[in-house]
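Reproduced below: start24.txt, with compact mmCIF, C-alpha atoms and all ligand atoms.
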```
# COMPACT_ATOMS: atom_id res chain seq x y z
CA MET A 1 -32.35 -2.24 -15.62
CA GLU A 2 -34.52 -3.84 -12.95
CA LEU A 3 -35.18 -0.40 -11.58
CA LEU A 4 -36.24 0.84 -14.97
CA PHE A 5 -38.45 -2.15 -15.48
CA LEU A 6 -40.09 -1.65 -12.12
CA LEU A 7 -40.74 1.94 -13.01
CA LEU A 8 -42.20 0.84 -16.30
CA VAL A 9 -44.61 -1.68 -14.88
CA SER A 10 -45.65 0.41 -11.91
CA GLY A 11 -48.13 1.81 -14.33
CA THR A 12 -50.61 4.29 -12.92
CA TRP A 13 -49.18 7.65 -13.84
CA SER A 14 -50.97 10.87 -14.50
CA LEU A 15 -49.89 13.32 -17.18
CA THR A 16 -48.04 15.59 -14.72
CA GLY A 17 -46.54 12.52 -13.13
CA ALA A 18 -45.39 11.43 -16.57
CA GLN A 19 -43.39 14.60 -17.10
CA PHE A 20 -41.66 14.13 -13.78
CA TYR A 21 -41.11 10.50 -14.56
CA TYR A 22 -39.49 11.26 -17.93
CA GLN A 23 -37.12 13.64 -16.26
CA GLY A 24 -36.02 10.98 -13.83
CA LEU A 25 -35.67 8.42 -16.58
CA VAL A 26 -33.65 10.76 -18.78
CA GLU A 27 -31.38 11.63 -15.85
CA TYR A 28 -30.97 7.95 -15.11
CA VAL A 29 -30.03 7.16 -18.72
CA GLU A 30 -27.73 10.18 -18.84
CA ASN A 31 -25.91 9.12 -15.69
CA ARG A 32 -25.36 5.68 -17.12
CA LEU A 33 -24.14 7.22 -20.35
CA LEU A 34 -21.63 9.32 -18.43
CA ALA A 35 -20.30 6.25 -16.71
CA LEU A 36 -20.13 4.43 -20.01
CA GLU A 37 -18.31 7.29 -21.70
CA ASP A 38 -15.77 7.09 -18.94
CA ARG A 39 -15.13 3.49 -19.79
CA MET A 40 -15.12 4.15 -23.51
CA GLN A 41 -12.22 6.53 -23.11
CA LEU A 42 -10.04 3.67 -21.99
CA TRP A 43 -11.10 1.70 -24.98
CA HIS A 44 -10.54 4.32 -27.55
CA ASP A 45 -8.65 2.04 -29.91
CA GLN A 46 -9.94 -1.44 -29.33
CA THR A 47 -13.64 -0.76 -29.36
CA GLN A 48 -14.37 1.14 -32.53
CA ARG A 49 -17.48 -0.94 -33.02
CA CYS A 50 -18.78 -0.24 -29.52
CA HIS A 51 -18.04 3.41 -30.08
CA THR A 52 -20.14 3.58 -33.22
CA GLU A 53 -22.90 1.80 -31.40
CA LEU A 54 -22.66 4.24 -28.52
CA GLN A 55 -22.96 7.16 -30.93
CA ASP A 56 -26.02 5.57 -32.50
CA PHE A 57 -27.40 5.09 -29.09
CA GLN A 58 -26.69 8.68 -28.08
CA LYS A 59 -28.50 9.84 -31.19
CA GLN A 60 -31.38 7.60 -30.38
CA THR A 61 -31.51 8.93 -26.83
CA SER A 62 -31.36 12.55 -27.84
CA GLU A 63 -34.09 11.93 -30.39
CA ALA A 64 -36.15 10.34 -27.67
CA VAL A 65 -35.51 13.28 -25.38
CA ASP A 66 -36.33 15.77 -28.15
CA GLY A 67 -39.63 14.04 -28.55
CA LEU A 68 -40.49 14.73 -24.94
CA GLY A 69 -43.94 16.15 -24.71
CA GLY A 70 -44.98 14.15 -27.77
CA GLU A 71 -46.57 10.77 -27.70
CA HIS A 72 -45.90 9.26 -24.29
CA GLY A 73 -46.26 5.63 -25.19
CA ALA A 74 -43.87 5.81 -28.15
CA LEU A 75 -41.35 7.76 -26.11
CA LEU A 76 -41.51 5.23 -23.37
CA ARG A 77 -40.84 2.41 -25.82
CA ASP A 78 -37.91 4.35 -27.29
CA LEU A 79 -36.35 4.88 -23.93
CA GLU A 80 -36.93 1.31 -22.95
CA GLY A 81 -35.25 0.16 -26.15
CA ALA A 82 -32.39 2.53 -25.45
CA ALA A 83 -31.94 1.18 -21.96
CA VAL A 84 -31.87 -2.38 -23.27
CA ARG A 85 -29.16 -1.39 -25.74
CA LEU A 86 -27.27 0.40 -22.99
CA ASP A 87 -27.39 -2.76 -20.92
CA ARG A 88 -26.10 -4.80 -23.83
CA LEU A 89 -23.32 -2.29 -24.44
CA GLU A 90 -22.27 -2.47 -20.82
CA ARG A 91 -22.19 -6.25 -20.98
CA GLU A 92 -20.11 -6.04 -24.14
CA MET A 93 -17.72 -3.69 -22.39
CA ASP A 94 -17.47 -6.11 -19.48
CA HIS A 95 -16.70 -8.88 -21.95
CA VAL A 96 -14.13 -6.88 -23.90
CA GLU A 97 -12.50 -5.82 -20.67
CA ALA A 98 -12.37 -9.38 -19.42
CA GLN A 99 -10.90 -10.60 -22.72
CA ASN A 100 -8.33 -7.97 -23.16
CA SER A 101 -8.07 -6.19 -19.89
CA PRO A 102 -6.67 -2.68 -19.74
CA ARG A 103 -4.22 -2.47 -16.89
CA ALA A 104 -4.58 -0.69 -13.66
CA CYS A 105 -1.44 1.31 -13.11
CA THR A 106 0.77 -0.82 -10.95
CA ASN A 107 3.36 0.87 -8.87
CA LYS A 108 6.56 -0.72 -7.82
CA ALA A 109 7.32 -0.59 -4.13
CA ASP A 110 9.12 2.58 -3.35
CA LYS A 111 10.23 2.92 0.21
CA VAL A 112 9.96 6.32 1.71
CA VAL A 113 13.09 7.25 3.58
CA GLU A 114 11.46 9.56 6.04
CA GLN A 115 11.72 7.12 8.85
CA GLU A 116 13.12 9.63 11.32
CA ALA A 117 9.76 11.30 11.47
CA TRP A 118 8.25 7.99 12.47
CA GLY A 119 10.79 7.22 15.15
CA LEU A 120 12.31 4.34 13.24
CA GLU A 121 15.82 5.75 13.18
CA GLU A 122 16.35 5.14 16.88
CA GLY A 123 19.18 2.74 17.49
CA ARG A 124 19.92 2.31 13.81
CA GLY A 125 23.42 2.59 12.46
CA ASP A 126 24.48 -0.41 14.46
CA GLU A 127 25.09 -3.43 12.24
CA GLU A 128 22.69 -5.81 13.93
CA GLU A 129 19.74 -3.50 13.56
CA GLU A 130 20.65 -2.96 9.95
CA GLU A 131 20.43 -6.69 9.28
CA GLU A 132 17.15 -7.10 11.09
CA TRP A 133 15.76 -4.32 8.96
CA GLU A 134 16.90 -6.04 5.77
CA GLU A 135 15.22 -9.23 6.83
CA LEU A 136 12.01 -7.41 7.56
CA ASP A 137 12.02 -6.02 4.04
CA SER A 138 11.95 -9.40 2.39
CA THR A 139 9.41 -11.05 4.67
CA VAL A 140 6.82 -8.35 4.93
CA SER A 141 4.38 -10.37 2.84
CA ASP A 142 4.36 -14.12 2.17
CA CYS A 143 0.90 -14.24 0.73
CA VAL A 144 0.62 -14.69 -3.03
CA ASP A 145 -3.01 -13.94 -3.85
CA ILE A 146 -4.09 -11.27 -6.27
CA ILE A 147 -7.69 -10.37 -7.07
CA ALA A 148 -8.83 -11.86 -10.38
CA ALA A 149 -12.42 -10.63 -10.38
CA ILE A 150 -15.37 -9.50 -8.34
CA ARG A 151 -17.38 -12.70 -8.37
CA SER A 152 -20.68 -11.66 -6.85
CA VAL A 153 -22.45 -8.99 -4.91
CA LYS A 154 -24.97 -9.28 -2.12
CA ILE A 155 -26.96 -6.29 -0.93
CA LEU A 156 -27.63 -7.20 2.66
CA LYS A 157 -29.73 -4.37 4.00
CA ARG A 158 -30.07 -0.62 4.42
CA VAL A 159 -29.50 0.76 7.87
CA GLY A 160 -28.03 3.91 9.42
CA GLY A 161 -26.86 7.05 7.64
CA PRO A 162 -25.67 7.46 4.04
CA LYS A 163 -22.05 7.10 5.22
CA GLY A 164 -20.69 4.51 7.56
CA MET A 165 -18.55 1.42 7.89
CA TRP A 166 -19.15 -2.20 8.76
CA THR A 167 -16.71 -5.03 9.12
CA ARG A 168 -16.33 -8.55 10.49
CA ASP A 169 -13.57 -9.71 12.77
CA PRO A 170 -11.69 -12.32 10.66
CA GLN A 171 -11.15 -14.38 13.84
CA SER A 172 -14.78 -14.46 14.95
CA SER A 173 -18.18 -14.17 13.33
CA GLU A 174 -18.96 -10.84 14.98
CA VAL A 175 -19.98 -7.85 12.93
CA TYR A 176 -19.21 -4.26 13.95
CA VAL A 177 -21.01 -1.21 12.62
CA PHE A 178 -19.71 2.37 12.67
CA ASN A 179 -22.70 4.54 11.76
CA GLY A 180 -22.13 8.01 10.28
CA THR A 181 -18.70 9.63 9.96
CA SER A 182 -17.88 10.13 13.65
CA GLY A 183 -19.20 8.97 16.98
CA ASP A 184 -18.40 7.59 20.41
CA SER A 185 -19.93 4.15 20.07
CA VAL A 186 -20.18 1.21 17.68
CA TYR A 187 -22.77 -1.55 17.30
CA ARG A 188 -22.00 -5.24 17.58
CA PHE A 189 -23.98 -8.13 16.08
CA SER A 190 -23.16 -11.78 16.73
CA SER A 191 -23.03 -12.66 13.01
CA VAL A 192 -23.78 -11.39 9.52
CA ALA A 193 -27.07 -13.34 9.63
CA ASP A 194 -27.96 -11.73 12.96
CA PHE A 195 -27.19 -8.29 11.52
CA SER A 196 -29.20 -9.10 8.40
CA ARG A 197 -32.25 -10.08 10.47
CA SER A 198 -32.01 -7.12 12.85
CA VAL A 199 -34.38 -4.19 12.67
CA GLY A 200 -32.36 -0.99 12.96
CA LEU A 201 -29.02 -0.58 14.68
CA SER A 202 -30.39 -0.45 18.21
CA SER A 203 -31.09 -4.20 18.14
CA GLY A 204 -27.32 -4.71 18.16
CA ARG A 205 -25.25 -4.29 21.30
CA GLN A 206 -24.01 -0.74 21.60
CA ILE A 207 -20.39 -0.47 22.73
CA ALA A 208 -19.54 2.89 24.26
CA LEU A 209 -15.93 3.79 23.48
CA PRO A 210 -13.75 5.89 25.82
CA SER A 211 -13.09 8.46 23.07
CA ARG A 212 -14.59 9.58 19.77
CA TRP A 213 -13.78 7.92 16.49
CA GLY A 214 -13.50 10.13 13.40
CA GLY A 215 -13.71 9.03 9.78
CA LEU A 216 -14.31 5.53 8.48
CA GLY A 217 -10.80 4.18 9.00
CA GLY A 218 -11.54 1.71 11.81
CA ALA A 219 -10.72 -2.00 11.80
CA VAL A 220 -11.50 -5.07 13.89
CA TYR A 221 -8.71 -7.61 14.14
CA ASN A 222 -8.25 -10.57 16.49
CA GLY A 223 -10.63 -9.37 19.17
CA TYR A 224 -9.39 -5.80 19.14
CA LEU A 225 -11.09 -2.76 17.72
CA TYR A 226 -8.75 -0.19 16.18
CA TYR A 227 -10.05 3.25 15.50
CA ILE A 228 -8.81 6.66 14.41
CA GLN A 229 -9.13 9.46 16.89
CA GLN A 230 -8.51 13.02 15.81
CA GLY A 231 -6.93 14.92 18.66
CA ALA A 232 -6.22 18.61 19.04
CA GLY A 233 -4.55 20.30 16.08
CA ALA A 234 -3.23 17.91 13.48
CA ASP A 235 -2.86 14.91 15.78
CA VAL A 236 -4.06 11.62 14.45
CA GLN A 237 -4.09 8.74 16.88
CA VAL A 238 -4.71 5.05 16.43
CA VAL A 239 -6.51 3.60 19.45
CA LYS A 240 -6.41 -0.12 20.19
CA TYR A 241 -9.44 -1.22 22.18
CA ASP A 242 -9.77 -4.67 23.74
CA LEU A 243 -13.31 -5.84 22.99
CA LEU A 244 -13.22 -8.49 25.72
CA SER A 245 -12.07 -6.38 28.65
CA GLU A 246 -13.65 -3.27 27.12
CA SER A 247 -10.61 -1.08 27.71
CA VAL A 248 -7.97 0.76 25.70
CA THR A 249 -4.73 -1.21 25.60
CA ASP A 250 -2.64 1.11 23.44
CA VAL A 251 -2.61 4.46 21.67
CA ALA A 252 -0.13 5.53 19.00
CA MET A 253 0.25 8.94 17.49
CA PHE A 254 0.90 9.69 13.85
CA PRO A 255 2.78 12.93 13.34
CA VAL A 256 1.15 13.95 10.07
CA GLU A 257 1.93 17.52 9.07
CA SER A 258 -1.66 18.51 8.53
CA LEU A 259 -5.00 16.78 8.56
CA ALA A 260 -5.78 15.68 5.03
CA ALA A 261 -8.24 13.23 3.53
CA VAL A 262 -6.64 9.96 2.38
CA TYR A 263 -9.37 9.67 -0.24
CA LYS A 264 -10.54 12.96 -1.69
CA LEU A 265 -14.06 11.65 -2.32
CA ASN A 266 -14.48 10.77 1.37
CA PRO A 267 -12.93 13.78 3.11
CA GLU A 268 -13.92 12.62 6.62
CA THR A 269 -11.39 9.79 6.56
CA VAL A 270 -7.90 11.09 7.42
CA ALA A 271 -6.38 7.65 7.97
CA ASP A 272 -7.68 4.20 7.08
CA LEU A 273 -6.75 0.97 8.82
CA ALA A 274 -6.84 -2.19 6.74
CA ALA A 275 -6.44 -5.78 7.91
CA ASP A 276 -5.30 -8.54 5.57
CA ASP A 277 -3.57 -11.93 5.77
CA GLU A 278 -0.36 -10.14 6.70
CA GLY A 279 -1.67 -8.05 9.55
CA LEU A 280 -2.54 -4.44 9.99
CA TRP A 281 -1.88 -1.59 7.56
CA LEU A 282 -2.52 2.13 7.68
CA LEU A 283 -3.33 4.19 4.60
CA TYR A 284 -2.89 7.91 5.11
CA ALA A 285 -2.00 11.25 3.57
CA ALA A 286 1.27 12.64 4.91
CA SER A 287 0.05 16.22 4.38
CA ASP A 288 -2.48 18.07 2.28
CA SER A 289 0.16 18.98 -0.29
CA GLU A 290 1.09 15.31 -0.72
CA LEU A 291 -0.67 14.02 -3.84
CA ASN A 292 -0.30 10.31 -3.18
CA ILE A 293 -1.68 7.83 -0.69
CA HIS A 294 0.94 6.55 1.73
CA LEU A 295 1.01 3.11 3.30
CA ALA A 296 2.40 1.99 6.64
CA LYS A 297 2.76 -1.58 7.91
CA MET A 298 1.80 -1.68 11.58
CA ASP A 299 2.51 -4.14 14.31
CA ALA A 300 -1.01 -5.05 15.46
CA GLY A 301 0.29 -5.82 18.95
CA THR A 302 2.32 -2.73 19.75
CA LEU A 303 1.05 -0.27 17.09
CA ASP A 304 4.68 0.25 16.01
CA ILE A 305 5.26 1.28 12.42
CA GLU A 306 7.46 -1.30 10.69
CA GLN A 307 7.83 0.29 7.29
CA ILE A 308 6.28 2.97 5.13
CA TRP A 309 5.81 3.43 1.39
CA ASP A 310 4.57 6.01 -1.06
CA THR A 311 2.03 4.00 -3.12
CA ARG A 312 2.13 6.59 -5.93
CA CYS A 313 -1.63 6.12 -6.18
CA PRO A 314 -3.22 9.59 -6.29
CA ARG A 315 -5.64 10.73 -3.57
CA GLU A 316 -7.61 12.68 -6.13
CA LYS A 317 -10.87 10.95 -7.10
CA ALA A 318 -10.06 8.08 -4.73
CA GLU A 319 -13.08 6.74 -2.89
CA ALA A 320 -11.63 3.95 -0.76
CA ALA A 321 -8.84 1.39 -0.69
CA PHE A 322 -8.14 -2.02 0.78
CA VAL A 323 -5.15 -4.33 1.16
CA VAL A 324 -5.04 -7.97 0.03
CA CYS A 325 -1.83 -9.96 0.53
CA GLY A 326 0.33 -6.90 0.85
CA THR A 327 -1.14 -5.33 -2.29
CA VAL A 328 -3.07 -2.08 -2.05
CA TYR A 329 -6.08 -1.68 -4.35
CA VAL A 330 -7.25 1.92 -4.65
CA VAL A 331 -10.84 2.42 -5.76
CA TYR A 332 -11.71 5.51 -7.82
CA ASN A 333 -14.97 7.15 -8.76
CA THR A 334 -16.18 10.45 -10.17
CA ARG A 335 -17.75 13.24 -8.15
CA LEU A 336 -21.04 12.47 -9.81
CA ALA A 337 -21.00 8.88 -8.62
CA SER A 338 -20.72 6.40 -11.46
CA ARG A 339 -19.07 3.00 -11.39
CA SER A 340 -16.32 2.48 -8.85
CA ARG A 341 -13.20 0.80 -10.16
CA VAL A 342 -9.76 -0.23 -9.00
CA GLU A 343 -7.43 1.90 -11.07
CA CYS A 344 -4.26 1.80 -9.08
CA VAL A 345 -2.50 -1.14 -7.51
CA PHE A 346 0.58 -1.12 -5.33
CA ASP A 347 2.41 -4.24 -4.18
CA VAL A 348 4.86 -3.88 -1.29
CA ASN A 349 6.79 -6.89 -2.61
CA ASP A 350 6.95 -5.78 -6.25
CA MET A 351 5.43 -9.10 -7.16
CA VAL A 352 2.32 -7.91 -8.93
CA GLN A 353 3.29 -7.20 -12.52
CA SER A 354 1.29 -4.50 -14.20
CA GLU A 355 0.00 -6.94 -16.81
CA GLU A 356 -1.65 -9.11 -14.16
CA ALA A 357 -3.48 -6.32 -12.37
CA PRO A 358 -6.82 -6.06 -14.09
CA LEU A 359 -8.91 -2.94 -14.13
CA LEU A 360 -11.67 -4.08 -11.79
CA TYR A 361 -15.14 -2.60 -12.04
CA PHE A 362 -17.62 -2.86 -9.20
CA PRO A 363 -21.17 -3.80 -10.15
CA ARG A 364 -23.67 -1.00 -10.55
CA ARG A 365 -24.79 0.38 -7.23
CA TYR A 366 -26.86 3.03 -5.55
CA GLY A 367 -24.31 5.78 -4.98
CA ALA A 368 -20.71 5.81 -3.82
CA HIS A 369 -18.76 3.71 -1.32
CA SER A 370 -17.94 5.43 1.93
CA SER A 371 -15.90 2.43 3.06
CA LEU A 372 -14.60 -0.93 1.80
CA LYS A 373 -13.22 -3.41 4.33
CA TYR A 374 -11.55 -6.64 3.28
CA ASN A 375 -11.96 -9.84 5.24
CA PRO A 376 -9.03 -12.20 4.53
CA GLU A 377 -10.77 -15.29 5.97
CA GLU A 378 -13.72 -15.08 3.61
CA LYS A 379 -11.99 -13.20 0.78
CA GLN A 380 -14.75 -10.68 0.59
CA LEU A 381 -15.30 -6.97 0.96
CA TYR A 382 -17.73 -5.35 3.35
CA ALA A 383 -18.96 -2.17 1.70
CA TRP A 384 -21.14 0.73 2.79
CA ASP A 385 -22.79 2.26 -0.25
CA ASP A 386 -25.10 5.20 0.35
CA GLY A 387 -26.59 3.56 3.43
CA TYR A 388 -26.71 0.06 1.93
CA GLN A 389 -24.55 -2.68 3.43
CA ILE A 390 -23.10 -4.77 0.64
CA ILE A 391 -20.80 -7.79 0.44
CA TYR A 392 -18.57 -8.33 -2.61
CA ARG A 393 -17.12 -11.80 -3.05
CA LEU A 394 -13.74 -11.91 -4.75
CA THR A 395 -12.09 -14.48 -6.97
CA MET A 396 -8.36 -14.81 -6.42
CA LYS A 397 -5.46 -16.00 -8.50
CA ARG A 398 -1.80 -16.42 -7.65
CA LYS A 399 0.70 -13.69 -8.32
CA LEU A 400 3.08 -14.58 -11.12
CA LEU A 401 6.38 -15.23 -9.45
CA VAL A 402 9.28 -13.84 -11.39
C1 LIG A 501 -26.85 6.85 12.04
O1 LIG A 501 -26.25 8.00 11.50
C2 LIG A 501 -27.14 8.93 10.92
C3 LIG A 501 -26.32 10.09 10.39
O2 LIG A 501 -25.34 9.69 9.52
C4 LIG A 501 -28.15 9.40 11.95
O3 LIG A 501 -29.09 10.24 11.31
C5 LIG A 501 -28.84 8.21 12.57
O4 LIG A 501 -29.67 8.65 13.62
C6 LIG A 501 -27.84 7.23 13.12
N1 LIG A 501 -28.53 6.06 13.63
C7 LIG A 501 -28.27 5.53 14.83
C8 LIG A 501 -29.09 4.36 15.24
O5 LIG A 501 -27.41 5.97 15.57
```
So, in terms of structure tokens, how does the structure I just supplied come out?
Ligand SMILES: *[C@@H]1O[C@H](CO)[C@@H](O)[C@H](O)[C@H]1NC(C)=O
Amino acid sequence: MELLFLLLVSGTWSLTGAQFYYQGLVEYVENRLLALEDRMQLWHDQTQRCHTELQDFQKQTSEAVDGLGGEHGALLRDLEGAAVRLDRLEREMDHVEAQNSPRACTNKADKVVEQEAWGLEEGRGDEEEEEEWEELDSTVSDCVDIIAAIRSVKILKRVGGPKGMWTRDPQSSEVYVFNGTSGDSVYRFSSVADFSRSVGLSSGRQIALPSRWGGLGGAVYNGYLYYIQQGAGADVQVVKYDLLSESVTDVAMFPVESLAAVYKLNPETVADLAADDEGLWLLYAASDSELNIHLAKMDAGTLDIEQIWDTRCPREKAEAAFVVCGTVYVVYNTRLASRSRVECVFDVNDMVQSEEAPLLYFPRRYGAHSSLKYNPEEKQLYAWDDGYQIIYRLTMKRKLLV
């Protein structure tokens, strides 16, 4: 709306400029309509009134568009009125959703029994190991927070390429920036404020890594930088890099069958590391024929895989995902970027009931997220949205304990 208003007041437009301007405005309104239609689908039954209003509005818009080439001033007022109504409709949708939230599909934990492939079978079969394993199952997550809402959004700045990743070490104030979709270095800033004030990436400290990172699946956790390195063939490796001594302390290989995007809308990312209150997780696609996103709990110290799950959240139309308290939130979008939303939730402890997982919509943005990194200390998400660095603050509630 602000954008529209700015365009409206910017004033000095010639007749040829006007034509061009209408086109942009119509496209803008159409894009918002598409996004709204998406949401309306979910609300087929409950929002008959909104639906009628949307149809009215569509009629009004198409009338306005038909009148293109006619009186400019009147057309402008029509479109402006339409945009105001669209805004109101969106707010109404937000309200209706908040009141009577449709549910994200919640998937019960379903352990994948493919552990041989991950080297977890070694030494099993002996009673002691069996017991240890059982214990691990029940203590994988003690945290009881679930996201209630996206409380606020802060657009910090625009730097680097359209795709990238930025994150903050939960144990320090330092900010790390991965620019683009692959590279051999990252940029460090001493704090979010320092990053915000900086002019360009080169004012940060450039850290040259011993190997190339690929995709936006990196993570910074307790003074270590973890990144995904794509080796020869289908090898995917997780590299653990000590930021203090500036050396690699560990490398672990993931025997995926073939290189496949975890999130179909961000094909560069073949595996995505996520840090939460519980430690380090890896989201990945087992192979290109596998429809769902898989989840592995990693030991941040040794890079061992402790357990793996099939989240049953589809990779198709997925844009990014993050983990909060052992619950995976998968964010979906459309190819023509509209509003991102959490549409699939998976809790490793089976504690999130489907009725408490709200369908979360992200506020309107510039394009599409290339990465979303959760910081458990601050309970906020660090997002990279078409070259903009954005922070989303989250409101939490406790999981219902059954
Ligand atoms: C950041 O990445 C973009 C490509 O995605 C590139 O054009 C740009 O030069 C990079 N900036 C820096 C400072 O490396």
Polymer residues at most 8 Å from stretch 161-176 of chain A, all atoms listed in the file, same-chain spacing of 2 or more positions, as a PyMOL selection string
chain A and resi 159+178-181+186-192+195+216+219-223+370-378+382-389
Considering all atoms listed in the file, return as a list in words whatever protein or nucleic-acid residues lie within 8 Å of A:Gly183, sequence-local ones (same chain, fewer than 5 positions apart) excluded.
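Everything that qualifies: Phe178, Arg212, Trp213 and Gly214 of chain A.
Going from atom CA of A:Leu295 to atom CA of A:Leu282 covers 5.7 Å.
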Closest of A:Leu36, A:Val199, A:Ala271, A:Val328 to ligand LIG 501 (chain A) - atom-to-atom distances counting all atoms listed in the file:
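Closest to ligand LIG 501 (chain A), using all atoms listed in the file: A:Val199.
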Within 10 Å of A:Tyr392, counting all atoms listed in the file, which residues qualify if same-chain residues fewer than 3 places away don't, as a PDB file with C-alpha atoms, in the coordinates of the input?
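Listed below is the output, result.pdb:
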```
ATOM      1  CA  ILE A 150     -15.370  -9.500  -8.340  1.00  0.00           C
ATOM      2  CA  ARG A 151     -17.380 -12.700  -8.370  1.00  0.00           C
ATOM      3  CA  SER A 152     -20.680 -11.660  -6.850  1.00  0.00           C
ATOM      4  CA  VAL A 153     -22.450  -8.990  -4.910  1.00  0.00           C
ATOM      5  CA  LYS A 154     -24.970  -9.280  -2.120  1.00  0.00           C
ATOM      6  CA  ILE A 155     -26.960  -6.290  -0.930  1.00  0.00           C
ATOM      7  CA  PHE A 362     -17.620  -2.860  -9.200  1.00  0.00           C
ATOM      8  CA  PRO A 363     -21.170  -3.800 -10.150  1.00  0.00           C
ATOM      9  CA  LEU A 372     -14.600  -0.930   1.800  1.00  0.00           C
ATOM     10  CA  TYR A 374     -11.550  -6.640   3.280  1.00  0.00           C
ATOM     11  CA  LYS A 379     -11.990 -13.200   0.780  1.00  0.00           C
ATOM     12  CA  GLN A 380     -14.750 -10.680   0.590  1.00  0.00           C
ATOM     13  CA  LEU A 381     -15.300  -6.970   0.960  1.00  0.00           C
ATOM     14  CA  TYR A 382     -17.730  -5.350   3.350  1.00  0.00           C
ATOM     15  CA  ALA A 383     -18.960  -2.170   1.700  1.00  0.00           C
ATOM     16  CA  THR A 395     -12.090 -14.480  -6.970  1.00  0.00           C
TER      17      THR A 395
END
```
Rounded to one decimal in Å, what is the spacing between atom CA of A:Leu291 and atom CA of A:Ala275?
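Atom CA of A:Ala275 lies 23.7 Å from atom CA of A:Leu291.
In this structure, atom CA of A:Gly200 sits 24.7 Å away from atom CA of A:Tyr241.
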Need to verify the contact set: A:Val270, 9 Å, all atoms listed in the file, exclusion of same-chain residues closer than 2 positions in sequence. Can you return it as an NGL selection string?
:A and (214-217 or 228 or 230 or 236 or 259-263 or 266-268 or 272 or 283-285)
From the set A:Arg312, A:Arg205, A:Arg393, A:Lys297, which residue has the shortest atom-to-atom contact distance to ligand LIG 501 (chain A), counting all atoms listed in the file?
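Closest to ligand LIG 501 (chain A), using all atoms listed in the file: A:Arg205.
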Write out as a ChimeraX atom specification each polymer residue whose atoms come within 8 Å of A:Phe254, counting only C-alpha atoms; drop sequence neighbours fewer than 6 positions from it.
/A:118,235-238
